[in-house]
Structure formats: C-alpha cells, structure tokens
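K.L.:
First the structure, which I've put down as structure tokens, then a few questions once you've had a look.
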Amino acid sequence: TYSADLLEASSDALLAERYTDGHSHKASQRTWSVAKVITSTLIGAAVQGGLLDVKKPTAIADWQSPMDPRKAITLENLLHMASGLDTNIVGSRTDRLYMGGGRVSDTATERALETKPGTRWKYANYDTLLVGKVLRTAFKNQKAFNEYPLRALFNKLGMNDTYLETDWSGDFVLSSQAWTTSRDLARLGILYLQDGVWKGERLLPKGWTNYVSAAKGPQPPVKVGDIPIPGYGAQFWLYSQDRFPYLPDDTIAARGHRGQYLVIIPSKNIVMVRRGYDPAGGDGFKLEKYIADVLEALS
C-alpha cells in the first residue's frame with residue numbers, strides 16, 4: 001500500500017517497493033488482462049452515476065433484431081464471462097484486433113450465441129470487449145465517451161500515468177490494451193479497500209467490492225489436473241479458501257499475461273502489485289506463493 005498522495009489516512013504506509021534496474025514508479029507498462037479490472041471499475045462508476053444497470057440486457061445495436069437471441073445477454077453476463085457466445089476454443093485469442101487492424105465491432109460484436117447466457121463460464125476477451133461496447137451506449141457522442149475514464153476515475157484517483165488504447169473506430173480495447181504504472185494500479189486497489197470511496201466521494205456503488213468478489217453463476221473448474229484454479233467474479237479472479245485454503249478468503253486479483261498482477265485483500269487492508277515481462281512458457285510467476293510469503297512477512 002502507498003502513503004502520501006495515495007491515501008487519505010496518515011496511518012497507512014508504503015510497506016515495500018522495489019524495481020529492477022532501469023525502471024521506476026514512473027515506468028508505464030502494458031497491463032495485458034489486468035485491464036479487465038479497470039473495465040469493471042469503470043462499469044461500477046457508470047452504475048453509481050445512473051448510466052448503466054448490470055441486470056439489464058445490453059443495448060448493443062447489432063443485437064437488436066427481434067429474433068436475435070443475443071438480446072438476452074446482460075451486462076452482468078459479460079462481466080462474469082458467462083455470455084454464452086462462441087469465442088473459439090481459446091477465448092483469449094484476439095490477435096486480429098491487437099495486431100491485425102481489426103475493430104471491436106467486427107471482432108467481438110459479431111460472435112454467434114453458442115449456449116444460453118448465464119449457464120457457462122468461459123474466459124474470453126470478447127466478453128470484456130463487449131462490456132466496453134455497452135459502456136459506449138451510455139454516451140451521446142464520442143468525445144463524452146473518450147473523456148469518461150478520466151473524468152469518472154483516473155483524474156479523481158490521481159491515475160495520471162494510465163492510458164487506454166482504442167481501435168480505429170473509437171472503441172476502447174478494454175480486455176488488454178491499457179498502459180499504467182504500479183502506483184496507479186495501487187490506487188485502483190485502494191479504492192476497493194475503501195469500498196469505492198475516495199477522499200470522501202463515493203465513486204463506486206456501496207458494496208461494489210463485494211459485488212466484484214462474488215462467485216456468482218457458473219465458475220471455472222476447481223482444479224485442472226493437480227493445479228488449483230481461482231474462482232471468478234466480475235472481471236476479478238477469486239482466491240477463496242475452498243480453492244486456496246492458505247490464503248484469506250477475500251483475496252481477489254487481476255492477472256495479466258507475462259506476469260502482471262494486482263492483488264487486493266480487504267480483510268488485511270493490503271494491496272500488492274507485481275509487474276513483469278516474464279518469458280512465455282515455463283512455470284511462470286507463482287502468484288499464490290508470493291501472496292502467502294508477503295502475508296507471512298507482514299505477520
């Protein structure tokens with residue numbers, strides 16, 4: 001956690017911070033899928049502002065034909081990776097959008113329905129991209145949409161080194177294409193420790209931390225082989241004790257490719273951020289062990 005310009009309470013403190021040679025707290029890196037929790041936070045702000053209702057079907061224009069079954073997909077289905085859309089075998093592959101000049105509208109919006117919304121969990125960048133499309137429907141023009149993350153969230157939290165990319169038609173690529181710093185991610189985590197309140201102003205609905213932390217609807221398998229798998233909330237991974245008995249039951253995390261992590265544990269009043277550029281393949285960074293080791297050191 002961070003003190004001074006990050007926190008309201010003077011008793012909170014920066015417990016540890018370390019960077020590899022050539023990097024500092026000003027080094028902005030691509031978040032990869034940690035961007036998904038920025039997405040759910042923006043949705044929380046929109047709900048607080050009366051712009052969106054997670055329970056209602058989406059207002060995506062391409063799905064509004066009277067016979068289109070995708071009209072039944074709610075914003076909540078998308079947040080929980082339970083849209084039921086066909087997202088290929090590996091739903092996280094969105095290469096044509098990230099590197100091939102594709103758009104959110106022709107990458108995600110045109111997916112066909114494969115199963116009933118809300119009945120199957122499947123990790124898919126497409127669902128997060130569509131959350132961004134739903135957010136766009138809440139604004140009358142492109143300028144208001146582009147300014148919303150700054151106005152509703154980043155400027156208020158002091159996330160001054162966070163940048164969101166758009167595709168060439170103006171949609172935010174909120175599944176992965178955000179750039180930020182460790183301290184900006186820490187600010188986001190602290191907002192969740194404070195249940196959406198920052199400097200006395202409520203930015204997220206009361207109970208939003210509990211909302212994103214709830215294992216609601218279909219869930220990932222408990223294990224793949226011998227490897228335990230976290231549960232899933234509203235764009236957050238859930239490290240509950242039924243899956244990870246050695247971690248606090250309210251541990252939630254954002255996880256991004258190549259070693260990007262944001263961990264929030266409200267019961268311990270702590271945020272952990274780990275950035276990296278880990279090589280593809282191999283065992284990778286042991287996030288669960290890292291969390292446990294930090295908590296042991298603090299105890």
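Each chain in the structure tokens gets a letter, A, B and so on, in the order shown; residues start at 1 in every chain, and ligands are counted from 1 in the order they appear.
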Got a sec: who's within 9 Å of Leu204 in chain A, counting only C-alpha atoms, leaving out chain neighbours fewer than 5 positions off, as a list of chain:residue names?

P.N.:
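Listing them by chain and then by number gives A:Thr41, A:Leu42, A:Ile43, A:Gly44, A:Ala45, A:Ala46, A:Val47, A:Gln48, A:Gly49, A:Leu191, A:Tyr192, A:Asp195, A:Gly196, A:Val197, A:Thr209.
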
K.L.:
Export all heavy atoms of the chosen residues as a compact mmCIF listing (two decimals), in the first residue's frame?

P.N.:
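Final output, selection.txt:
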```txt
# COMPACT_ATOMS: atom_id res chain seq x y z
N THR A 41 -14.26 -1.55 -13.04
CA THR A 41 -14.32 -0.36 -12.19
C THR A 41 -15.04 0.78 -12.92
O THR A 41 -15.84 1.51 -12.32
CB THR A 41 -12.91 0.08 -11.77
OG1 THR A 41 -12.20 -1.04 -11.21
CG2 THR A 41 -12.96 1.19 -10.74
N LEU A 42 -14.78 0.94 -14.20
CA LEU A 42 -15.49 1.94 -14.99
C LEU A 42 -16.99 1.63 -15.03
O LEU A 42 -17.82 2.55 -14.98
CB LEU A 42 -14.92 2.01 -16.40
CG LEU A 42 -13.53 2.64 -16.54
CD1 LEU A 42 -13.00 2.45 -17.95
CD2 LEU A 42 -13.58 4.12 -16.18
N ILE A 43 -17.33 0.35 -15.11
CA ILE A 43 -18.75 -0.02 -15.08
C ILE A 43 -19.35 0.33 -13.72
O ILE A 43 -20.47 0.85 -13.63
CB ILE A 43 -18.93 -1.51 -15.39
CG1 ILE A 43 -18.51 -1.81 -16.83
CG2 ILE A 43 -20.38 -1.95 -15.15
CD1 ILE A 43 -19.30 -1.06 -17.88
N GLY A 44 -18.61 0.07 -12.66
CA GLY A 44 -19.09 0.45 -11.33
C GLY A 44 -19.36 1.94 -11.24
O GLY A 44 -20.37 2.37 -10.66
N ALA A 45 -18.45 2.73 -11.79
CA ALA A 45 -18.65 4.19 -11.78
C ALA A 45 -19.89 4.58 -12.57
O ALA A 45 -20.65 5.47 -12.17
CB ALA A 45 -17.41 4.89 -12.34
N ALA A 46 -20.12 3.88 -13.70
CA ALA A 46 -21.29 4.18 -14.52
C ALA A 46 -22.58 3.77 -13.82
O ALA A 46 -23.61 4.45 -13.93
CB ALA A 46 -21.17 3.47 -15.87
N VAL A 47 -22.53 2.67 -13.07
CA VAL A 47 -23.70 2.26 -12.28
C VAL A 47 -23.97 3.29 -11.19
O VAL A 47 -25.11 3.70 -10.95
CB VAL A 47 -23.48 0.86 -11.68
CG1 VAL A 47 -24.58 0.52 -10.68
CG2 VAL A 47 -23.43 -0.19 -12.79
N GLN A 48 -22.91 3.73 -10.51
CA GLN A 48 -23.06 4.74 -9.47
C GLN A 48 -23.65 6.03 -10.04
O GLN A 48 -24.46 6.71 -9.38
CB GLN A 48 -21.70 5.02 -8.82
CG GLN A 48 -21.69 6.14 -7.80
CD GLN A 48 -22.53 5.85 -6.56
OE1 GLN A 48 -22.89 4.72 -6.30
NE2 GLN A 48 -22.84 6.90 -5.81
N GLY A 49 -23.28 6.36 -11.27
CA GLY A 49 -23.78 7.57 -11.90
C GLY A 49 -25.13 7.43 -12.58
O GLY A 49 -25.62 8.39 -13.19
N LEU A 191 -8.91 1.94 -3.80
CA LEU A 191 -10.32 2.30 -3.98
C LEU A 191 -11.22 1.14 -3.57
O LEU A 191 -12.26 1.34 -2.94
CB LEU A 191 -10.58 2.67 -5.43
CG LEU A 191 -12.03 3.04 -5.79
CD1 LEU A 191 -12.47 4.30 -5.06
CD2 LEU A 191 -12.19 3.20 -7.30
N TYR A 192 -10.80 -0.10 -3.87
CA TYR A 192 -11.59 -1.27 -3.49
C TYR A 192 -11.48 -1.56 -1.99
O TYR A 192 -12.45 -2.02 -1.37
CB TYR A 192 -11.18 -2.49 -4.32
CG TYR A 192 -11.83 -2.48 -5.67
CD1 TYR A 192 -11.19 -1.92 -6.77
CD2 TYR A 192 -13.11 -3.00 -5.86
CE1 TYR A 192 -11.80 -1.88 -8.01
CE2 TYR A 192 -13.73 -2.97 -7.10
CZ TYR A 192 -13.07 -2.40 -8.17
OH TYR A 192 -13.70 -2.36 -9.39
N ASP A 195 -14.07 0.39 -0.43
CA ASP A 195 -15.40 0.10 -0.98
C ASP A 195 -15.92 1.23 -1.86
O ASP A 195 -17.07 1.65 -1.77
CB ASP A 195 -16.41 -0.22 0.12
CG ASP A 195 -17.71 -0.83 -0.46
OD1 ASP A 195 -17.62 -1.51 -1.49
OD2 ASP A 195 -18.78 -0.61 0.13
N GLY A 196 -15.03 1.73 -2.73
CA GLY A 196 -15.47 2.68 -3.74
C GLY A 196 -15.50 4.13 -3.33
O GLY A 196 -15.99 4.97 -4.09
N VAL A 197 -14.97 4.45 -2.14
CA VAL A 197 -14.96 5.84 -1.67
C VAL A 197 -13.53 6.39 -1.74
O VAL A 197 -12.58 5.73 -1.33
CB VAL A 197 -15.49 5.96 -0.22
CG1 VAL A 197 -15.34 7.38 0.30
CG2 VAL A 197 -16.94 5.51 -0.15
N THR A 209 -17.28 -3.65 -4.01
CA THR A 209 -16.18 -4.59 -3.74
C THR A 209 -16.73 -5.99 -3.53
O THR A 209 -16.19 -6.97 -4.05
CB THR A 209 -15.37 -4.14 -2.50
OG1 THR A 209 -14.79 -2.86 -2.76
CG2 THR A 209 -14.26 -5.14 -2.19
```

K.L.:
I'd like the neighbourhood of range 262-277 of chain A as a PyMOL selection string, where a residue qualifies if any of its atoms comes within 7 Å (using only C-alpha atoms), though same-chain residues fewer than 4 positions away should be ignored.

P.N.:
chain A and resi 1+182+185-186+189-190+193+250-255+258

K.L.:
I want to know what sits within 8 Å of His80 in chain A, based on only C-alpha atoms, with residues of the same chain fewer than 5 positions away left out; could you give that as a PyMOL selection string?

P.N.:
chain A and resi 121+216-217+232-235

K.L.:
Would you kindly return, as a PyMOL selection string, each protein, DNA or RNA residue with an atom no farther than 6 Å from any atom of Leu113 in chain A, considering only C-alpha atoms and excluding same-chain residues fewer than 2 positions away?

P.N.:
chain A and resi 84-86+115

K.L.:
So, counting only C-alpha atoms, which residue among A:Phe145, A:Phe244, A:Tyr163, A:Trp179 is closest to Arg30 in chain A?

P.N.:
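Going through A:Phe145, A:Phe244, A:Tyr163, A:Trp179 one by one, the smallest distance to Arg30 in chain A is for A:Trp179.
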
K.L.:
Extract the full set of strand (DSSP E) residues from range 90-209 of chain A according to DSSP on the backbone, and format it as a PDB file with N, CA and C atoms, in the first residue's frame.

P.N.:
```
ATOM      1  N   TYR A 163      -3.212   5.021 -19.478  1.00  0.00           N
ATOM      2  CA  TYR A 163      -3.693   5.357 -20.821  1.00  0.00           C
ATOM      3  C   TYR A 163      -4.425   4.156 -21.409  1.00  0.00           C
ATOM      4  N   LEU A 164      -5.580   4.416 -22.017  1.00  0.00           N
ATOM      5  CA  LEU A 164      -6.370   3.370 -22.648  1.00  0.00           C
ATOM      6  C   LEU A 164      -6.288   3.512 -24.162  1.00  0.00           C
ATOM      7  N   ALA A 178      -4.234  -1.435 -22.167  1.00  0.00           N
ATOM      8  CA  ALA A 178      -4.095  -0.282 -21.276  1.00  0.00           C
ATOM      9  C   ALA A 178      -2.646  -0.226 -20.813  1.00  0.00           C
ATOM     10  N   TRP A 179      -2.182   0.963 -20.563  1.00  0.00           N
ATOM     11  CA  TRP A 179      -0.815   1.181 -20.080  1.00  0.00           C
ATOM     12  C   TRP A 179      -0.899   1.918 -18.754  1.00  0.00           C
ATOM     13  N   THR A 180      -0.136   1.438 -17.770  1.00  0.00           N
ATOM     14  CA  THR A 180      -0.220   2.058 -16.446  1.00  0.00           C
ATOM     15  C   THR A 180       1.034   1.740 -15.643  1.00  0.00           C
ATOM     16  N   VAL A 197     -14.974   4.453  -2.138  1.00  0.00           N
ATOM     17  CA  VAL A 197     -14.957   5.843  -1.665  1.00  0.00           C
ATOM     18  C   VAL A 197     -13.535   6.392  -1.745  1.00  0.00           C
ATOM     19  N   TRP A 198     -13.388   7.601  -2.284  1.00  0.00           N
ATOM     20  CA  TRP A 198     -12.065   8.224  -2.401  1.00  0.00           C
ATOM     21  C   TRP A 198     -12.171   9.679  -1.964  1.00  0.00           C
ATOM     22  N   GLU A 201     -15.631  10.994  -1.403  1.00  0.00           N
ATOM     23  CA  GLU A 201     -16.596  10.916  -2.506  1.00  0.00           C
ATOM     24  C   GLU A 201     -16.819   9.462  -2.902  1.00  0.00           C
ATOM     25  N   ARG A 202     -18.072   9.066  -3.023  1.00  0.00           N
ATOM     26  CA  ARG A 202     -18.377   7.701  -3.464  1.00  0.00           C
ATOM     27  C   ARG A 202     -18.289   7.629  -4.979  1.00  0.00           C
TER      28      ARG A 202
END
```

K.L.:
Taking into account only C-alpha atoms, which residue in the set A:Asn155, A:Thr87, A:Thr181, A:Asn141 is nearest to Ala124 in chain A?

P.N.:
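So, comparing all the options, the nearest one is A:Thr87.
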
K.L.:
Can you tell me which residues surround Asp278 in chain A at a distance of at most 10 Å, considering only C-alpha atoms, apart from same-chain residues fewer than 6 positions away, and format the answer as a list in words?

P.N.:
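Using only C-alpha atoms, the neighbours found are His257, Arg258, Gly259, Gln260, Gly284 and Phe285 of chain A.
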
K.L.:
Output the selection as a PDB file, in the first residue's frame - C-alpha atoms for each residue.

P.N.:
```
ATOM      1  CA  HIS A 257      -0.095 -12.011 -19.431  1.00  0.00           C
ATOM      2  CA  ARG A 258       3.669 -12.006 -18.876  1.00  0.00           C
ATOM      3  CA  GLY A 259       3.395 -11.520 -15.115  1.00  0.00           C
ATOM      4  CA  GLN A 260       1.104  -8.540 -14.383  1.00  0.00           C
ATOM      5  CA  GLY A 284       5.709 -18.643 -14.619  1.00  0.00           C
ATOM      6  CA  PHE A 285       5.454 -16.428 -11.562  1.00  0.00           C
TER       7      PHE A 285
END
```

K.L.:
Between A:Lys26, A:Lys55, A:Arg111, A:Arg187, which is the closest to Asp68 in chain A once you count only C-alpha atoms?

P.N.:
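For Asp68 in chain A, the nearest of the candidates is A:Arg111.
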
K.L.:
So which residues touch Leu150 in chain A within 9 Å, counting only C-alpha atoms, skipping near sequence neighbours fewer than 5 positions away, as a ChimeraX atom specification?

P.N.:
/A:155-156,159-160

K.L.:
Can you tell me which residues surround Leu188 in chain A at a distance of at most 9 Å, considering only C-alpha atoms, apart from same-chain residues fewer than 5 positions away, and format the answer as a PyMOL selection string?

P.N.:
chain A and resi 37-38+41+154+157+159+183

K.L.:
Using only N, CA, C and O atoms, please write the residues we just selected to a file, as a JSON list (two decimals), in the first residue's frame.

P.N.:
```
[["chain", "number", "residue", "atom", "x", "y", "z"],
["A", 37, "VAL", "N", -9.94, -5.36, -14.87],
["A", 37, "VAL", "CA", -10.49, -4.80, -13.64],
["A", 37, "VAL", "C", -10.64, -3.28, -13.74],
["A", 37, "VAL", "O", -11.47, -2.70, -13.03],
["A", 38, "ILE", "N", -9.86, -2.64, -14.60],
["A", 38, "ILE", "CA", -10.13, -1.24, -14.91],
["A", 38, "ILE", "C", -11.51, -1.15, -15.56],
["A", 38, "ILE", "O", -12.31, -0.25, -15.26],
["A", 41, "THR", "N", -14.26, -1.55, -13.04],
["A", 41, "THR", "CA", -14.32, -0.36, -12.19],
["A", 41, "THR", "C", -15.04, 0.78, -12.92],
["A", 41, "THR", "O", -15.84, 1.51, -12.32],
["A", 154, "PHE", "N", -9.85, 8.20, -13.40],
["A", 154, "PHE", "CA", -8.41, 8.41, -13.36],
["A", 154, "PHE", "C", -8.02, 9.74, -12.72],
["A", 154, "PHE", "O", -7.12, 9.78, -11.87],
["A", 157, "LEU", "N", -8.59, 9.64, -8.88],
["A", 157, "LEU", "CA", -7.68, 8.79, -8.12],
["A", 157, "LEU", "C", -6.23, 9.23, -8.26],
["A", 157, "LEU", "O", -5.37, 8.71, -7.55],
["A", 159, "MET", "N", -4.61, 8.72, -11.10],
["A", 159, "MET", "CA", -4.02, 7.74, -12.02],
["A", 159, "MET", "C", -3.58, 8.49, -13.28],
["A", 159, "MET", "O", -4.12, 8.30, -14.38],
["A", 183, "ARG", "N", 2.06, 2.20, -9.23],
["A", 183, "ARG", "CA", 1.40, 3.08, -8.27],
["A", 183, "ARG", "C", -0.04, 3.40, -8.69],
["A", 183, "ARG", "O", -0.93, 3.50, -7.84]]
```

K.L.:
Would you please work out which residue, of A:Leu238, A:Leu15, A:Ile73, A:Met67, is nearest to Thr119 in chain A when using only C-alpha atoms?

P.N.:
A:Ile73

K.L.:
Just how far from CA of Asp249 in chain A is CA of Trp208 in chain A, in Å to one decimal?

P.N.:
17.0 Å

K.L.:
Select, from A:Ser105, A:Ser28, A:Gln64, A:Asn125, the residue with the minimum atom-to-atom distance to Gly170 in chain A, counting only C-alpha atoms.

P.N.:
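The closest residue to Gly170 in chain A is A:Ser105.
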